[in-house]
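This is structure.cif. It holds mmCIF, C-alpha atoms.
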```cif
data_protein
loop_
_atom_site.label_atom_id
_atom_site.label_comp_id
_atom_site.auth_asym_id
_atom_site.auth_seq_id
_atom_site.Cartn_x
_atom_site.Cartn_y
_atom_site.Cartn_z
CA MET P 22 -10.41 11.33 -19.69
CA ARG P 23 -7.43 10.99 -21.98
CA HIS P 24 -9.39 12.51 -24.88
CA ARG P 25 -10.45 15.53 -22.79
CA GLY P 26 -6.87 16.01 -21.60
CA ARG P 27 -5.58 15.89 -25.17
CA HIS P 28 -8.19 18.43 -26.26
CA ARG P 29 -7.24 20.73 -23.39
CA ARG P 30 -3.59 20.52 -24.43
CA ARG P 31 -4.53 21.32 -28.03
CA ARG P 32 -6.56 24.36 -26.94
CA ARG P 33 -3.70 25.48 -24.71
CA GLY P 34 -1.25 25.04 -27.60
CA ARG P 35 -3.44 27.13 -29.93
CA ALA P 36 -3.82 29.81 -27.26
CA LEU P 37 -0.07 29.92 -26.65
CA ARG P 38 0.67 30.21 -30.38
CA ALA P 39 -1.85 33.04 -30.67
CA PHE P 40 -0.28 34.74 -27.66
CA LEU P 41 3.24 34.47 -29.11
CA THR P 42 1.96 35.84 -32.43
CA GLY P 43 0.45 38.80 -30.58
CA THR P 44 3.70 39.33 -28.72
CA ALA P 45 5.59 39.30 -32.01
CA LEU P 46 3.22 41.90 -33.46
CA ALA P 47 3.78 44.11 -30.43
CA LEU P 48 7.54 43.73 -30.74
CA THR P 49 7.32 44.50 -34.46
CA ALA P 50 5.39 47.66 -33.64
CA ALA P 51 8.12 48.61 -31.20
CA ALA P 52 10.72 47.91 -33.87
CA THR P 53 9.13 50.47 -36.17
CA MET P 54 10.27 53.13 -33.69
CA ILE P 55 13.95 52.33 -34.28
CA SER P 56 15.62 55.26 -35.97
CA ALA P 57 17.21 54.97 -39.37
CA SER P 58 20.65 55.51 -37.84
CA GLN P 59 20.13 52.53 -35.53
CA ALA P 60 18.82 50.45 -38.37
CA THR P 61 22.12 50.68 -40.21
CA VAL P 62 24.43 49.92 -37.27
CA THR P 63 25.06 46.39 -38.53
CA ASP P 64 26.13 46.52 -42.18
CA ASP P 65 25.78 43.53 -44.46
CA PRO P 66 28.77 41.28 -43.62
CA GLY P 67 28.79 39.69 -47.07
CA ALA P 68 30.27 36.26 -47.71
CA LEU P 69 32.35 34.16 -45.36
CA LYS P 70 36.07 34.16 -46.12
CA PRO P 71 37.63 30.65 -46.01
CA LEU P 72 40.77 30.34 -43.88
CA THR P 73 43.08 27.75 -45.45
CA ALA P 74 46.62 28.94 -44.70
CA SER P 75 48.39 26.87 -42.06
CA ALA P 76 49.13 30.03 -40.08
CA ASP P 77 45.38 30.54 -39.72
CA THR P 78 44.34 26.96 -39.00
CA ASP P 79 47.24 26.09 -36.68
CA ALA P 80 46.09 28.82 -34.30
CA LEU P 81 42.84 26.89 -33.83
CA ARG P 82 44.38 23.56 -32.81
CA LEU P 83 43.57 21.95 -29.46
CA THR P 84 45.31 19.31 -27.37
CA GLU P 85 43.33 16.74 -25.38
CA ASP P 86 44.02 16.09 -21.69
CA LEU P 87 42.17 13.16 -20.09
CA VAL P 88 41.55 13.09 -16.34
CA PRO P 89 43.20 9.87 -15.07
CA ARG P 90 40.70 7.05 -14.70
CA ALA P 91 42.05 6.38 -11.21
CA SER P 92 41.09 9.92 -10.12
CA LEU P 93 37.55 9.54 -11.43
CA ASP P 94 37.17 6.12 -9.80
CA ARG P 95 38.48 7.44 -6.47
CA LEU P 96 35.95 10.28 -6.57
CA ALA P 97 33.16 7.83 -7.38
CA SER P 98 34.17 5.53 -4.53
CA GLU P 99 34.02 8.49 -2.13
CA MET P 100 30.78 10.04 -3.43
CA GLY P 101 28.87 6.89 -4.21
CA ARG P 102 27.69 5.21 -7.37
CA PRO P 103 26.94 7.64 -10.24
CA VAL P 104 23.35 8.13 -11.39
CA GLY P 105 21.93 8.55 -14.88
CA VAL P 106 20.04 11.34 -16.58
CA GLY P 107 16.76 9.57 -15.87
CA THR P 108 17.39 9.73 -12.14
CA VAL P 109 18.24 13.43 -12.36
CA LEU P 110 15.03 14.16 -14.26
CA GLY P 111 13.09 12.12 -11.72
CA GLY P 112 14.01 14.79 -9.17
CA ALA P 113 12.95 17.71 -11.40
CA ASP P 114 10.65 19.58 -9.02
CA ARG P 115 10.77 23.11 -10.44
CA THR P 116 8.59 24.31 -13.32
CA LEU P 117 9.34 26.84 -16.04
CA ARG P 118 6.67 29.48 -16.64
CA ASP P 119 4.79 29.46 -19.96
CA ALA P 120 5.06 32.54 -22.16
CA VAL P 121 1.66 33.76 -20.98
CA ASP P 122 3.09 33.97 -17.44
CA CYS P 123 6.25 35.82 -18.46
CA THR P 124 6.52 39.54 -17.75
CA ASP P 125 6.48 42.13 -20.52
CA THR P 126 10.15 42.81 -19.83
CA GLU P 127 11.02 39.13 -20.20
CA ARG P 128 9.06 38.79 -23.44
CA ARG P 129 10.95 41.72 -24.97
CA ALA P 130 13.95 39.39 -25.19
CA LEU P 131 12.14 37.31 -27.84
CA PRO P 132 12.90 37.74 -31.56
CA VAL P 133 10.76 40.10 -33.61
CA SER P 134 11.32 38.17 -36.84
CA PRO P 135 11.20 35.24 -37.20
CA THR P 136 8.90 34.72 -34.24
CA ALA P 137 9.25 32.12 -31.51
CA THR P 138 6.77 29.24 -31.57
CA ARG P 139 7.54 28.13 -28.00
CA ALA P 140 8.68 30.27 -25.08
CA TYR P 141 9.19 29.74 -21.36
CA CYS P 142 10.62 31.83 -18.52
CA TRP P 143 12.91 30.82 -15.68
CA ASN P 144 11.94 31.45 -12.09
CA THR P 145 13.34 34.69 -10.72
CA ASP P 146 14.11 33.34 -7.24
CA GLU P 147 16.46 30.68 -8.67
CA THR P 148 18.16 32.74 -11.36
CA GLU P 149 18.67 36.07 -9.57
CA GLY P 150 22.41 36.66 -9.52
CA TRP P 151 23.03 34.10 -12.27
CA GLN P 152 23.86 34.84 -15.91
CA PRO P 153 22.20 32.70 -18.62
CA GLY P 154 24.37 31.00 -21.20
CA ALA P 155 24.19 28.17 -23.69
CA VAL P 156 21.49 25.63 -24.50
CA THR P 157 21.85 22.09 -25.82
CA THR P 158 19.34 19.24 -26.06
CA SER P 159 18.88 15.51 -26.48
CA GLY P 160 18.49 16.44 -30.15
CA ASP P 161 22.26 16.99 -30.08
CA ALA P 162 22.90 13.87 -28.02
CA ASP P 163 21.26 11.44 -30.44
CA ASP P 164 19.91 11.76 -33.97
CA ASP P 165 16.47 10.49 -32.91
CA GLY P 166 16.19 13.50 -30.61
CA LEU P 167 15.88 11.40 -27.45
CA TRP P 168 18.11 10.31 -24.59
CA GLY P 169 16.75 6.81 -24.15
CA ALA P 170 13.03 7.56 -24.27
CA ARG P 171 13.30 11.11 -22.93
CA ARG P 172 13.29 14.58 -24.46
CA VAL P 173 15.77 16.70 -22.52
CA ILE P 174 16.98 20.31 -22.62
CA LEU P 175 20.14 21.47 -20.83
CA SER P 176 20.51 25.15 -19.92
CA GLY P 177 23.82 26.61 -18.72
CA TRP P 178 24.18 29.39 -16.13
CA SER P 179 27.07 31.07 -14.29
CA ARG P 180 27.14 32.94 -10.98
CA SER P 181 27.31 36.70 -11.55
CA ALA P 182 26.67 38.00 -8.02
CA GLY P 183 27.24 37.07 -4.40
CA PRO P 184 30.57 36.53 -2.61
CA ALA P 185 33.70 36.88 -4.74
CA ALA P 186 34.55 33.20 -4.16
CA ASP P 187 31.29 32.18 -5.87
CA ARG P 188 31.59 34.41 -8.95
CA GLY P 189 31.66 32.44 -12.17
CA LEU P 190 30.53 29.10 -10.75
CA ALA P 191 28.84 27.14 -13.54
CA ARG P 192 25.73 25.01 -13.31
CA VAL P 193 23.33 23.29 -15.70
CA ALA P 194 19.57 22.94 -15.50
CA PHE P 195 18.35 19.48 -16.56
CA VAL P 196 14.93 20.11 -18.11
CA ASP P 197 12.40 17.32 -18.60
CA ALA P 198 10.80 18.21 -21.96
CA ALA P 199 8.52 15.18 -22.29
CA ASN P 200 5.51 17.47 -21.95
CA LEU P 201 6.17 20.75 -23.77
CA ASN P 202 3.20 22.29 -21.99
CA ARG P 203 4.95 21.78 -18.64
CA LEU P 204 8.75 21.84 -18.48
CA THR P 205 10.25 20.78 -15.15
CA TYR P 206 13.89 21.00 -14.11
CA THR P 207 16.58 20.57 -11.46
CA TRP P 208 20.19 21.75 -11.13
CA ALA P 209 23.63 20.14 -11.42
CA LEU P 210 26.94 21.85 -10.64
CA LEU P 211 29.81 21.57 -13.12
CA ALA P 212 33.04 20.65 -11.33
CA VAL P 213 36.68 19.73 -11.90
CA PRO P 214 38.35 16.90 -9.90
CA VAL P 215 41.35 17.94 -7.79
CA ASP P 216 43.85 16.21 -5.48
CA GLY P 217 43.80 13.00 -7.48
CA GLY P 218 40.01 12.65 -7.20
CA ARG P 219 39.85 13.19 -3.45
CA ASP P 220 37.89 16.41 -3.94
CA TYR P 221 36.50 18.72 -6.62
CA ARG P 222 36.31 22.44 -7.26
CA GLY P 223 33.56 24.26 -9.09
CA LEU P 224 34.11 25.10 -12.74
CA VAL P 225 34.54 28.86 -12.95
CA SER P 226 33.39 29.85 -16.42
CA HIS P 227 30.63 31.66 -18.22
CA VAL P 228 28.81 28.83 -19.99
CA SER P 229 28.53 30.64 -23.31
CA GLY P 230 28.93 27.44 -25.34
CA MET P 231 27.72 23.91 -24.62
CA VAL P 232 27.06 20.78 -26.72
CA TRP P 233 25.73 17.41 -25.54
CA TYR P 234 26.97 14.80 -28.01
CA GLN P 235 26.42 11.08 -27.40
CA ASP P 236 27.28 10.58 -23.72
CA LYS P 237 29.51 13.65 -23.36
CA LEU P 238 28.83 17.28 -22.55
CA LEU P 239 31.37 19.80 -23.90
CA VAL P 240 31.45 23.23 -22.23
CA THR P 241 33.45 26.37 -23.02
CA ALA P 242 36.07 27.58 -20.53
CA ASP P 243 37.08 31.21 -19.97
CA ASP P 244 38.86 31.06 -16.63
CA GLY P 245 41.91 32.91 -17.94
CA GLY P 246 44.07 29.86 -18.64
CA ARG P 247 44.82 27.88 -21.77
CA THR P 248 41.93 25.47 -21.24
CA ALA P 249 39.40 25.91 -24.05
CA LEU P 250 36.81 23.22 -23.31
CA TYR P 251 35.85 20.90 -20.46
CA VAL P 252 34.22 17.52 -21.07
CA TYR P 253 31.65 15.82 -18.82
CA ASP P 254 30.36 12.25 -18.89
CA MET P 255 26.59 11.93 -18.66
CA ASN P 256 27.10 8.51 -17.09
CA ARG P 257 29.13 10.08 -14.24
CA ILE P 258 26.60 12.27 -12.45
CA HIS P 259 26.91 12.26 -8.65
CA ARG P 260 24.50 13.23 -5.90
CA ALA P 261 25.33 16.07 -3.55
CA THR P 262 24.78 14.81 -0.01
CA VAL P 263 24.99 18.11 1.90
CA THR P 264 22.83 21.15 1.22
CA GLY P 265 24.82 24.38 1.42
CA GLU P 266 26.75 27.07 -0.41
CA ALA P 267 30.11 25.29 -0.19
CA VAL P 268 31.61 23.35 -3.09
CA GLY P 269 33.36 20.00 -2.69
CA ARG P 270 34.10 17.83 0.32
CA VAL P 271 32.63 19.21 3.54
CA PRO P 272 32.03 17.75 7.00
CA GLY P 273 29.36 15.11 6.55
CA GLY P 274 29.64 14.64 2.80
CA TRP P 275 29.68 16.59 -0.46
CA SER P 276 28.23 20.00 -1.31
CA ALA P 277 27.40 21.55 -4.69
CA HIS P 278 26.47 25.18 -3.96
CA GLY P 279 22.82 24.31 -3.59
CA SER P 280 22.54 21.98 -6.59
CA ARG P 281 21.34 18.43 -6.10
CA TYR P 282 23.87 16.90 -8.46
CA VAL P 283 27.50 17.26 -9.54
CA LEU P 284 29.22 16.49 -12.84
CA PRO P 285 33.02 16.09 -12.52
CA ALA P 286 35.03 16.81 -15.69
CA ILE P 287 36.55 13.73 -17.33
CA ALA P 288 38.71 15.59 -19.90
CA SER P 289 39.65 18.99 -21.21
CA TYR P 290 41.01 20.56 -24.40
CA ARG P 291 43.64 23.27 -24.20
CA LEU P 292 44.76 25.79 -26.78
CA SER P 293 47.75 24.62 -28.83
CA GLY P 294 48.25 27.71 -30.98
CA GLY P 295 50.23 30.83 -30.14
CA ALA P 296 49.16 34.18 -28.79
CA ASP P 297 46.53 34.50 -31.53
CA ALA P 298 44.77 31.28 -30.46
CA PRO P 299 41.10 32.11 -29.77
CA HIS P 300 39.06 30.60 -26.96
CA PRO P 301 35.87 29.08 -28.39
CA ALA P 302 33.11 31.31 -27.02
CA THR P 303 30.13 29.60 -28.61
CA LEU P 304 29.49 25.99 -29.67
CA SER P 305 26.94 23.98 -31.60
CA LEU P 306 26.62 20.57 -33.24
CA ASP P 307 26.41 19.95 -36.98
CA ARG P 308 25.03 16.55 -38.02
CA SER P 309 25.04 17.48 -41.72
CA THR P 310 28.79 16.72 -41.95
CA ALA P 311 30.48 13.33 -42.05
CA PRO P 312 31.57 12.70 -39.37
CA ASP P 313 29.46 14.92 -37.14
CA SER P 314 31.31 18.07 -36.15
CA LEU P 315 31.62 20.56 -33.33
CA VAL P 316 31.10 24.13 -34.54
CA ALA P 317 32.83 26.98 -32.70
CA GLY P 318 33.09 30.74 -32.88
CA GLU P 319 35.13 33.38 -31.07
CA TRP P 320 34.02 36.46 -29.19
CA THR P 321 35.12 39.84 -30.55
CA LEU P 322 34.39 43.40 -29.44
CA ASP P 323 30.91 44.59 -30.37
CA ASP P 324 32.26 47.79 -31.90
CA GLY P 325 35.69 46.48 -32.88
CA ASP P 326 37.25 46.42 -36.32
CA ARG P 327 38.02 42.68 -36.45
CA GLY P 328 35.43 40.09 -37.43
CA ALA P 329 35.13 36.72 -35.72
CA ARG P 330 36.61 33.41 -36.77
CA LEU P 331 34.24 30.46 -37.19
CA TRP P 332 35.47 26.89 -37.41
CA ARG P 333 34.75 23.22 -36.78
CA TYR P 334 36.36 20.07 -35.34
CA ALA P 335 35.43 16.50 -36.24
CA PHE P 336 34.19 14.09 -33.59
CA GLY P 337 36.11 10.84 -33.16
CA SER P 338 34.75 7.39 -33.87
CA GLY P 339 37.30 5.07 -32.29
CA SER P 340 36.61 2.54 -29.57
CA GLY P 341 36.17 4.15 -26.16
CA ARG P 342 36.02 7.66 -27.63
CA THR P 343 32.30 8.31 -27.84
CA GLY P 344 31.58 12.01 -27.68
CA LEU P 345 35.25 13.05 -27.81
CA LEU P 346 36.92 15.01 -30.60
CA ALA P 347 39.05 13.29 -33.23
CA THR P 348 42.74 13.42 -32.28
CA ASP P 349 46.03 12.35 -33.83
CA ALA P 350 48.55 10.09 -32.07
CA ALA P 351 49.83 13.04 -30.02
CA GLY P 352 46.34 14.00 -28.81
CA ARG P 353 46.09 17.04 -31.07
CA VAL P 354 42.78 18.18 -32.53
CA ARG P 355 42.91 19.96 -35.90
CA VAL P 356 40.22 22.07 -37.52
CA THR P 357 38.46 20.63 -40.54
CA GLU P 358 37.08 23.95 -41.80
CA ALA P 359 37.51 27.61 -40.85
CA TYR P 360 36.17 30.98 -41.96
CA ARG P 361 36.22 34.63 -41.00
CA THR P 362 33.08 36.74 -40.90
CA LYS P 363 33.04 40.52 -41.00
CA LEU P 364 30.56 40.49 -38.12
CA THR P 365 31.77 41.73 -34.75
CA GLY P 366 30.15 41.05 -31.39
CA VAL P 367 29.30 37.48 -32.45
CA ARG P 368 27.42 35.48 -29.83
CA GLY P 369 25.81 32.31 -31.20
CA VAL P 370 26.90 30.20 -34.19
CA LEU P 371 25.08 27.31 -35.85
CA ALA P 372 26.10 25.49 -39.04
CA HIS P 373 23.85 23.26 -41.14
CA GLU P 374 24.73 22.03 -44.61
CA SER P 375 26.31 25.03 -46.40
CA ALA P 376 24.79 27.73 -44.19
CA TRP P 377 26.26 29.36 -41.08
CA TYR P 378 23.80 31.15 -38.78
CA VAL P 379 25.53 33.87 -36.74
CA THR P 380 23.91 36.01 -34.06
CA ARG P 381 25.05 39.41 -32.87
CA ALA P 382 23.92 40.83 -29.54
CA ALA P 383 22.05 44.10 -29.27
CA GLY P 384 24.44 47.03 -29.11
CA ALA P 385 24.18 50.26 -27.17
CA GLY P 386 20.86 51.91 -27.91
CA GLU P 387 19.53 48.85 -29.77
CA GLN P 388 16.49 46.90 -28.61
CA HIS P 389 17.31 43.67 -30.46
CA GLY P 390 20.22 41.78 -31.95
CA THR P 391 20.66 40.36 -35.44
CA LEU P 392 20.86 36.87 -36.92
CA TRP P 393 22.67 36.50 -40.24
CA ARG P 394 22.63 33.49 -42.57
CA GLN P 395 26.05 33.39 -44.21
CA ASP P 396 27.90 31.18 -46.66
CA THR P 397 30.76 31.65 -49.12
CA ASP P 398 28.41 33.32 -51.62
CA GLY P 399 26.92 36.04 -49.42
CA SER P 400 24.63 36.77 -46.48
CA ARG P 401 20.96 37.30 -45.69
CA THR P 402 18.96 38.37 -42.66
CA ALA P 403 15.46 39.29 -41.59
CA VAL P 404 14.19 42.85 -41.98
CA CYS P 405 11.57 44.29 -39.65
CA GLY P 406 9.87 47.59 -38.85
CA THR P 407 9.12 50.54 -41.08
CA ALA P 408 12.77 51.58 -40.82
CA GLU P 409 13.77 48.32 -42.52
CA SER P 410 15.95 47.38 -39.56
CA HIS P 411 18.12 44.27 -39.34
CA ASP P 412 17.75 44.28 -35.56
CA CYS P 413 15.04 41.64 -35.49
CA TRP P 414 16.62 38.87 -33.40
CA SER P 415 16.57 38.40 -29.63
CA THR P 416 18.50 40.67 -27.31
CA GLY P 417 21.46 38.41 -26.60
CA THR P 418 21.38 34.69 -27.39
CA GLU P 419 24.78 33.12 -26.76
CA SER P 420 24.15 29.79 -28.47
CA LEU P 421 21.89 28.12 -31.01
CA SER P 422 21.02 24.43 -30.82
CA TYR P 423 19.36 22.64 -33.75
CA TRP P 424 17.02 19.74 -32.86
CA ALA P 425 17.16 17.90 -36.18
CA ALA P 426 14.39 15.43 -35.32
CA THR P 427 11.87 18.29 -34.93
CA GLY P 428 13.48 20.94 -37.17
CA GLU P 429 13.58 23.42 -34.27
CA VAL P 430 16.31 25.77 -33.10
CA TRP P 431 16.49 26.33 -29.33
CA ALA P 432 18.09 29.33 -27.62
CA GLN P 433 17.72 31.51 -24.56
CA SER P 434 18.01 35.22 -23.91
CA GLY P 435 17.79 36.64 -20.43
CA ARG P 436 15.31 34.52 -18.48
CA VAL P 437 13.53 33.37 -21.64
CA LEU P 438 14.03 29.93 -23.21
CA PHE P 439 12.52 29.71 -26.68
CA SER P 440 12.42 27.76 -29.94
CA LEU P 441 11.40 28.25 -33.55
CA PRO P 442 11.73 26.25 -36.79
CA LEU P 443 15.01 26.52 -38.68
CA ALA P 444 12.84 26.83 -41.80
CA SER P 445 11.36 30.07 -40.45
CA ILE P 446 14.86 31.52 -40.03
CA ASP P 447 15.63 30.68 -43.66
CA GLY P 448 12.24 31.95 -44.78
CA SER P 449 12.58 35.31 -43.06
CA ALA P 450 16.07 36.02 -44.38
CA ARG P 451 16.31 38.14 -47.51
#
```
Go through the file and emit its structure as structure tokens.
Amino acid sequence: MRHRGRHRRRRRGRALRAFLTGTALALTAAATMISASQATVTDDPGALKPLTASADTDALRLTEDLVPRASLDRLASEMGRPVGVGTVLGGADRTLRDAVDCTDTERRALPVSPTATRAYCWNTDETEGWQPGAVTTSGDADDDGLWGARRVILSGWSRSAGPAADRGLARVAFVDAANLNRLTYTWALLAVPVDGGRDYRGLVSHVSGMVWYQDKLLVTADDGGRTALYVYDMNRIHRATVTGEAVGRVPGGWSAHGSRYVLPAIASYRLSGGADAPHPATLSLDRSTAPDSLVAGEWTLDDGDRGARLWRYAFGSGSGRTGLLATDAAGRVRVTEAYRTKLTGVRGVLAHESAWYVTRAAGAGEQHGTLWRQDTDGSRTAVCGTAESHDCWSTGTESLSYWAATGEVWAQSGRVLFSLPLASIDGSAR
């Protein structure tokens, strides 16, 4: 029986790869219809410009604020003992659709070149009124690609419809990726402790950047304040005990806007620079540096005249600081490297060795976005269609996550979660 099951999975894998190849050919055919004027919307951004002046790097500093341990312990005593990632995945009772079950509209969000090798679609009934954001995986969490013995994908979403009080609420899908032919998931609400740990509020932020490193989850914040990042502890996941739309303490227990689980923030990082200090809008992990580093990029106007800044922070290595950024004695976090790209409308940023991979969302009248491979010597990108267009990437990926153990890059665009080898991105760029 095991042999027949393995053979069925192999046949299904071959069929899915053939289907994705056919989808890519169809998208390439569509790309040939792009006019020459559209093909030249995104000019070659050239080389990255290093930012070394203190005036440039000081604007990127952060300051760490830890939630008092007493507040976290009070919340835990009220909500009950925290659970682990394994327990959360044990309750994963929803299933992502394979690419063959995605609609034509959903599949149009996939890249034209390079092509996705895996693709899945989220269920409409659970994502209607929610905006997709960043992706991170257990490949970020540990260099063997596993959390314990599990392969895990985390997908961030924020509320974009419904009552005004719910707008911007952030949640994360915990995806069990042990069987890549059948991804299952469940939801956890991102929260912030209040009133000394006697309650919590929902995090209000578009989850455009997210990195799971060691036992911490770092998430971008755009709630209008000076907070740049929130930090969550994967060992402090709590169960919601009341099903409902409310958030926090309610009569009879704790509610998480329909999610089964809650993650309360254990720390945050606020902007330390002046008025020019940018909020990190996208995040990724780079394990090719020593120590490992958090890569960040800012959002700029799609049709603006100012390119985005790209930079990195080092992770700390001291006792009791797993997954936190390296700080000085005053709790300040300084950049270790910074650049400016000429690209505007930047969405996702990934750095590996000397290369920076930067995505730009599709602009008005464009069917696809672009992905550029940049360094201090120049830039390259894929070209597709008879019009030699650079618009070959997905419609609007907001993050890129590199799973070093498998060599894959994971991202999502619209309701589509997909992956492809980093080598194919390099191979298609010219």
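Taking CA of Leu443 (chain P) as the reference point, CA of Glu429 (chain P) is found at 5.6 Å.
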* To do: Determine the residue set returned by the PyMOL selection byres ((chain P and resi 307-317) around 8) for the present structure, and present it as a ChimeraX atom specification.
  => /P:301-306,318-319,331-337,370-374
* To do: Name every residue that the PyMOL selection byres ((chain P and resi 157) around 10) selects in this structure, writing the answer as number ranges by chain with chains first and numbers rising.
  => P: 155-156, 158-162, 173-177, 230-234, 238-239, 304-306, 420-424, 430-432
* Could you please determine the separation between CA of Ala267 (chain P) and CA of Asp94 (chain P) in Å, to one decimal place? => 22.6 Å
* Name the residues, using the chain letters and numbers of the file, that sit within 12 Å of (37.2, 10.9, -25.6) when counting all atoms listed in the file, and give them as a PyMOL selection string. => chain P and resi 84-88+234-239+251-254+286-290+336-348+352+354
Produce a file of the selected residues containing C-alpha atoms, as a compact mmCIF listing (two decimals), in the coordinates of the input.
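Okay, this is what ended up in result.txt:
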```
# COMPACT_ATOMS: atom_id res chain seq x y z
CA THR P 84 45.31 19.31 -27.37
CA GLU P 85 43.33 16.74 -25.38
CA ASP P 86 44.02 16.09 -21.69
CA LEU P 87 42.17 13.16 -20.09
CA VAL P 88 41.55 13.09 -16.34
CA TYR P 234 26.97 14.80 -28.01
CA GLN P 235 26.42 11.08 -27.40
CA ASP P 236 27.28 10.58 -23.72
CA LYS P 237 29.51 13.65 -23.36
CA LEU P 238 28.83 17.28 -22.55
CA LEU P 239 31.37 19.80 -23.90
CA TYR P 251 35.85 20.90 -20.46
CA VAL P 252 34.22 17.52 -21.07
CA TYR P 253 31.65 15.82 -18.82
CA ASP P 254 30.36 12.25 -18.89
CA ALA P 286 35.03 16.81 -15.69
CA ILE P 287 36.55 13.73 -17.33
CA ALA P 288 38.71 15.59 -19.90
CA SER P 289 39.65 18.99 -21.21
CA TYR P 290 41.01 20.56 -24.40
CA PHE P 336 34.19 14.09 -33.59
CA GLY P 337 36.11 10.84 -33.16
CA SER P 338 34.75 7.39 -33.87
CA GLY P 339 37.30 5.07 -32.29
CA SER P 340 36.61 2.54 -29.57
CA GLY P 341 36.17 4.15 -26.16
CA ARG P 342 36.02 7.66 -27.63
CA THR P 343 32.30 8.31 -27.84
CA GLY P 344 31.58 12.01 -27.68
CA LEU P 345 35.25 13.05 -27.81
CA LEU P 346 36.92 15.01 -30.60
CA ALA P 347 39.05 13.29 -33.23
CA THR P 348 42.74 13.42 -32.28
CA GLY P 352 46.34 14.00 -28.81
CA VAL P 354 42.78 18.18 -32.53
```
